[in-house]
Amino acid sequence: MLVVPVVFLLVMFVVPVAAVFRVGLETGPSQMLEVMGAGRTWQILGFTVLQAVLSTAATMLVALPAAFVLATFRFPGRGLIRALVLVPFVMPTVVVAAAFLALIGPTGALGVDLSGSVWGLVLAHMFLNIAVVIRVVGSVLATMDPRLEEAARVLGASRWTAWRRVTWPLLRPALRASALIVFLFCFTSFGVVQVLGAGQLRTLEVEIYRQTAYLLDLPAAAALSLLQLLAVVAMLAVVGNSGGARTGNAVDVARAPVGWRQRGGVAAVVVLTVVVVLAPLAIIVVRSLMIDGRLTTVGWQMLFSQGDSTNAVDPFSAVLASLRTAGGATLLAMLVGGMAAFGLAFRGRGGWLRSVDALMPLGTSAVTVGLGMLLAFGRPPLDLRNTGLLIVLAQALVAIPFVVRVLAPALSGFDRRYLDAAAVLGRSPVRALAGVAVPLLLPAVVVAAGFAFAVTIGEFGATVFLASPADPTLPVAISRLLARPGEVTVAAAYAASAVLMLITAAVVVGMDRVRLSRAVAF
Amino acid sequence: MKLFIAPLVLLLAACSADVADPQSTQPPPDEVVVLTHDSFAVSKKVLAEFTEQTGQKVKIVQNGDTGQVVNAAILSAGSPQGDVLFGVDNTFLSRAQKAGVFLDYQAPASASDLAQQAPGVTPIDTGAVCLNYDREYFADRPAPTGPADLVEPQYRDLTVVQNPATSSPGLAFLLSTVSAQPDWQQYWRDLKDNGVKVVDGWDNAYYQQFSGGSGEGTRPIVVSYSTSPAAEVMFAEDPQAPPPTANIDADCFQQVEYAGVLAGARNEAGAKQFVDFMLSRSFQDDIGSQMFVYPVVEGATVPKAFEEYAPEPTDPVVMDPEQIADGRDEWIDQWSAIME
């Protein structure tokens, strides 16, 4: 079962990255050493780690209370907020960065200019990644049986001991998994640093892009990629990475808040979360409808009538193209990631795969992977460049770690005796699977697919150097609109971002409905 | 195990069929694949004309900015992803030609002086990188008359430029100072002392830092294109309103965009036909309104807003590709040493 995912990782990740190193070594080994020894390089590495640590801390700080409240309490609008927090995650980083500049830029609505400072990056990263923590930790909290802690209390444990001995061990793997993912995303973040860094902040990823896409200095790019890879491996080795999110049974244990303290706490956290998530999103909608302080729909009109140009993007076909690419990549990620999770859960082997390799694609530069794919698959017999397939494969590569992290623990938590029981009761294997295993595992499958979809529709880590002959997707449409000045084109770009936002929210709300209705049925 | 590999293979096949026909890696000879940057645009009816004349269809493959497209072509020199590459400019041309990206072909109708500077490829359009300013800010005080003014105290903290190591207009502006300033390194030291802001790319400089037009920033002087004021007018809510920005016709840097036939092209004949077609009247008439650059063919029409707000610069800085290739890396290093 593990063969397919291993081969996939090998071909789609190891081979391309190795191709970059090979070219670097062939063209300038001494130069590679020089770059790796340069003080400037280490400065950049230091800053990269610093901003990622700060961003991860800030994200956890804001997301954990929200995850707790959303998982524990039932209140009106809960489903909507759960969907809302996932929207930032899929916004193209260019748009997110622009929205943040509108809030905290030189003429920002909040009155402080944080562009060019690390705090601007931290805020934007927090906004982007809040969903990872809320979803991964929340899915554990939501299914955690409160009777476990109650039992501990009845047996005489203090509240603190009960929490420390019962709840914490159950929660810890999810915390670690989500913090790791957030850290890796911030570590390799690109668009946000480009725009909010105002040219003054340099991370490894931005530097790799500069060396590759602009200066074509392959030894330098290879050296920096190697450094990035080593840093991620070292980090994973130190922090450890055995766990994963555990989403087990499908019982929603949320309850209504009781008393004014709980209600007040819930209200406070909900308001804070909504403000953090909604402020930048609202700016996007406002910008699509306002020019010079006046309300106008010309931006939306332009989006839907761009005329007879090859560069015009019909928003309907862009939506379809986005859904098609994201759908294909999600399916592929679920299939390959599902096999990996299955192998890990039931064979108990291949722990090494889980511990390092499955997360590596998240910690590796999208520029490096794109360059490597161009180098590795650019010649016959395996010339995949013009098929558009590479894009789907590259997107799936980024989504697979999410799928594995969510599915593996759920699968290993699944008690196979349920199937035996069903068999004893006379169910055929197929009906037993459909009637017992599917409802039990569905929540995890939906969470995994939701993440994979979100990762792929936002073209997160979209890969430089991979040309797509397919119809332009929404993020492509947005960047094309922003390529020339004019207040109406800018409004149209924001309108396209609003469309992307709405579609994501709709898909995520829809998936949540599937999950909840099935859970209730069970 | 085969049981699990089979659906994967099927899925891969399904995906590829979905996104593009896998057979398209070997296009039938009646299709020309044009590799180009994200800013490329042409009217669909103009492309239809080409198909009508030659029987060849055109497939446009866009892949990032000029640097990315050219570098991707260099990395796959000899085994190209298309037949024609459009959009390599005079700052990148030498690097591409040295790497053997292009087959030696120049369209017979090429404009003579620009074509002589660039044997082996065909000049299609020119653009100019100029200073733009916010007309509202300078309504009651004198606007700068050229880059030399920017070091004066009255323009302190007013200018935003792009990093020449990451941005093509940034590089163009650096090259214009190298060519036009008496001591360009001293010029940049003075500019730095006078509070110039450097950002990574054009988007950031124009939309986030510049205060004029669709810019949302605070600085009233920016490095942009000579046609940006025309775009501001054509894409304004009220196209009759006076332009919010203007360009300064002094020391503008001339960017020339070329089309070339890729070495190893599967459809070489079609590629040559398409390069020829790019110099036809219908294509050249279309260039101004689609890409906001100036056509190379004399007498080709440009949008009306160009005549009023974006005339071609009168005496631009012209550098030939060879000269740029020889100096570029060293100039960027020297610039970085001064500015960082």
# chains A, B, ... in the order shown; residues from 1 in each chain; ligands from 1
>>> residues_around(residues="Thr504 in chain A", least_positions_apart="3", cutoff="9 Å", atoms="only C-alpha atoms", output="MDAnalysis selection string")
chainID A and resid 83 86:87 90:91 453:454 457:458 499:501 507:509
>>> write_last_selection(atoms="C-alpha atoms", output="PDB file, in the first residue's frame")
ATOM      1  CA  ALA A  83     -16.460  28.041   6.881  1.00  0.00           C
ATOM      2  CA  LEU A  86     -11.035  28.658   5.860  1.00  0.00           C
ATOM      3  CA  VAL A  87     -11.486  31.438   3.314  1.00  0.00           C
ATOM      4  CA  VAL A  90      -7.282  29.957  -0.090  1.00  0.00           C
ATOM      5  CA  MET A  91      -6.930  33.590  -1.028  1.00  0.00           C
ATOM      6  CA  PHE A 453      -9.341  21.418  -2.006  1.00  0.00           C
ATOM      7  CA  ALA A 454      -8.529  24.663  -0.196  1.00  0.00           C
ATOM      8  CA  ILE A 457      -7.911  26.088  -5.378  1.00  0.00           C
ATOM      9  CA  GLY A 458      -5.827  28.886  -3.860  1.00  0.00           C
ATOM     10  CA  VAL A 499     -15.695  35.641  -6.424  1.00  0.00           C
ATOM     11  CA  LEU A 500     -12.878  33.294  -5.371  1.00  0.00           C
ATOM     12  CA  MET A 501     -13.749  33.995  -1.756  1.00  0.00           C
ATOM     13  CA  VAL A 507     -17.691  24.624  -1.136  1.00  0.00           C
ATOM     14  CA  VAL A 508     -16.520  24.494   2.463  1.00  0.00           C
ATOM     15  CA  VAL A 509     -19.996  25.125   3.886  1.00  0.00           C
TER      16      VAL A 509
END
>>> residues_around(residues="Ile134 in chain A", least_positions_apart="3", cutoff="6 Å", atoms="only C-alpha atoms", output="list in words")
Ala63, Ala67, Ala131, Val137 and Gly138 of chain A
>>> write_last_selection(atoms="C-alpha atoms", output="short mmCIF file (atom, residue, chain, number, x, y, z; two decimals), in the first residue's frame")
data_model
loop_
_atom_site.label_atom_id
_atom_site.label_comp_id
_atom_site.auth_asym_id
_atom_site.auth_seq_id
_atom_site.Cartn_x
_atom_site.Cartn_y
_atom_site.Cartn_z
CA ALA A 63 -6.58 30.29 16.78
CA ALA A 67 -10.82 26.32 17.98
CA ALA A 131 -7.70 27.85 9.60
CA VAL A 137 -7.17 21.05 16.59
CA GLY A 138 -10.88 21.72 16.39
#
>>> select_by_dssp(residues="range 219-294 of chain B", states="alpha helix (DSSP H)", output="list in words")
Ser228, Pro229, Ala230, Ala231, Glu232, Val233, Met234, Glu268, Ala269, Gly270, Ala271, Lys272, Gln273, Phe274, Val275, Asp276, Phe277, Arg281, Ser282, Phe283, Gln284, Asp285, Asp286, Ile287, Gly288, Ser289, Gln290 and Met291 of chain B
>>> write_last_selection(atoms="C-alpha atoms", output="PDB file, in the first residue's frame")
ATOM      1  CA  SER B 228       0.710  54.384 -17.580  1.00  0.00           C
ATOM      2  CA  PRO B 229      -1.044  57.807 -17.632  1.00  0.00           C
ATOM      3  CA  ALA B 230      -2.977  56.711 -20.724  1.00  0.00           C
ATOM      4  CA  ALA B 231      -4.034  53.501 -18.977  1.00  0.00           C
ATOM      5  CA  GLU B 232      -5.170  55.551 -15.994  1.00  0.00           C
ATOM      6  CA  VAL B 233      -7.427  57.509 -18.331  1.00  0.00           C
ATOM      7  CA  MET B 234      -8.723  54.547 -20.342  1.00  0.00           C
ATOM      8  CA  GLU B 268       9.299  25.960 -37.659  1.00  0.00           C
ATOM      9  CA  ALA B 269       7.471  27.057 -40.795  1.00  0.00           C
ATOM     10  CA  GLY B 270       4.397  28.114 -38.839  1.00  0.00           C
ATOM     11  CA  ALA B 271       6.594  29.920 -36.314  1.00  0.00           C
ATOM     12  CA  LYS B 272       8.208  31.990 -39.068  1.00  0.00           C
ATOM     13  CA  GLN B 273       4.786  32.804 -40.494  1.00  0.00           C
ATOM     14  CA  PHE B 274       3.617  34.003 -37.085  1.00  0.00           C
ATOM     15  CA  VAL B 275       6.663  36.207 -36.531  1.00  0.00           C
ATOM     16  CA  ASP B 276       6.037  37.740 -39.970  1.00  0.00           C
ATOM     17  CA  PHE B 277       2.395  38.239 -39.024  1.00  0.00           C
ATOM     18  CA  ARG B 281      -0.725  46.128 -40.002  1.00  0.00           C
ATOM     19  CA  SER B 282      -3.578  44.384 -38.180  1.00  0.00           C
ATOM     20  CA  PHE B 283      -1.308  43.030 -35.452  1.00  0.00           C
ATOM     21  CA  GLN B 284       0.639  46.276 -35.137  1.00  0.00           C
ATOM     22  CA  ASP B 285      -2.557  48.367 -34.986  1.00  0.00           C
ATOM     23  CA  ASP B 286      -3.755  46.138 -32.151  1.00  0.00           C
ATOM     24  CA  ILE B 287      -0.608  46.335 -30.004  1.00  0.00           C
ATOM     25  CA  GLY B 288      -1.127  49.762 -28.451  1.00  0.00           C
ATOM     26  CA  SER B 289      -4.566  49.196 -26.971  1.00  0.00           C
ATOM     27  CA  GLN B 290      -3.840  45.588 -25.968  1.00  0.00           C
ATOM     28  CA  MET B 291      -0.377  45.813 -24.425  1.00  0.00           C
TER      29      MET B 291
END
>>> atom_distance(atom1="CA of Ser189 in chain A", atom2="CA of Val88 in chain B")
28.7 Å
>>> closest_residue(among="A:Ala142, A:Leu101, A:Leu25, A:Val277", to="Met126 in chain A", atoms="only C-alpha atoms")
A:Val277
>>> select_by_dssp(residues="range 188-343 of chain A", states="strand (DSSP E)", output="ChimeraX atom specification")
/A:290-291,294-295
>>> closest_residue(among="B:Leu175, B:Val198, B:Leu114, B:Ala148", to="chain A", atoms="only C-alpha atoms")
B:Val198
>>> closest_residue(among="B:Thr245, B:Ser214, B:Ser39, B:Gln186", to="Tyr133 in chain B", atoms="only C-alpha atoms")
B:Thr245
>>> residues_around(residues="Asn247 in chain B", least_positions_apart="2", cutoff="10 Å", atoms="only C-alpha atoms", output="list of chain:residue names")
B:Val129, B:Cys130, B:Leu131, B:Asn132, B:Tyr133, B:Asp134, B:Arg135, B:Thr145, B:Gly146, B:Ile221, B:Val222, B:Val223, B:Ser224, B:Tyr225, B:Ser226, B:Thr227, B:Ser228, B:Pro229, B:Ala230, B:Thr245, B:Asp249, B:Ala250, B:Cys252, B:Tyr309, B:Ala310, B:Pro311, B:Pro313
>>> residues_around(residues="Ala340 in chain A", least_positions_apart="6", cutoff="8 Å", atoms="only C-alpha atoms", output="list in words")
Met1, Leu2, Val4, Pro5, Val404 and Ala408 of chain A
>>> write_last_selection(atoms="C-alpha atoms", output="JSON list (two decimals), in the first residue's frame")
[["chain", "number", "residue", "atom", "x", "y", "z"],
["A", 1, "MET", "CA", 0.00, 0.00, 0.00],
["A", 2, "LEU", "CA", 2.88, 2.33, 0.71],
["A", 4, "VAL", "CA", 2.33, 4.12, -4.58],
["A", 5, "PRO", "CA", 2.83, 7.12, -2.28],
["A", 404, "VAL", "CA", -1.97, 11.97, 5.46],
["A", 408, "ALA", "CA", -3.72, 8.34, 9.29]]
>>> closest_residue(among="B:Ala48, B:Val178, B:Ile60, B:Ala128", to="chain A", atoms="only C-alpha atoms")
B:Ile60
>>> residues_around(residues="range 163-165 of chain A", least_positions_apart="4", cutoff="8 Å", atoms="only C-alpha atoms", output="MDAnalysis selection string")
chainID A and resid 149 159 169
>>> write_last_selection(atoms="N, CA and C atoms", output="CSV table (one decimal), in the first residue's frame")
chain,number,residue,atom,x,y,z
A,149,GLU,N,-12.9,13.1,30.7
A,149,GLU,CA,-12.5,14.0,31.8
A,149,GLU,C,-13.4,13.8,33.0
A,159,ARG,N,-9.2,19.0,38.8
A,159,ARG,CA,-9.5,19.5,37.5
A,159,ARG,C,-8.3,19.6,36.6
A,169,PRO,N,-2.9,14.8,26.7
A,169,PRO,CA,-2.3,13.8,25.8
A,169,PRO,C,-3.1,13.6,24.5
>>> atom_distance(atom1="CA of Ser94 in chain B", atom2="CA of Val61 in chain B")
22.5 Å
>>> atom_distance(atom1="CA of Leu84 in chain A", atom2="CA of Ser497 in chain A")
14.8 Å
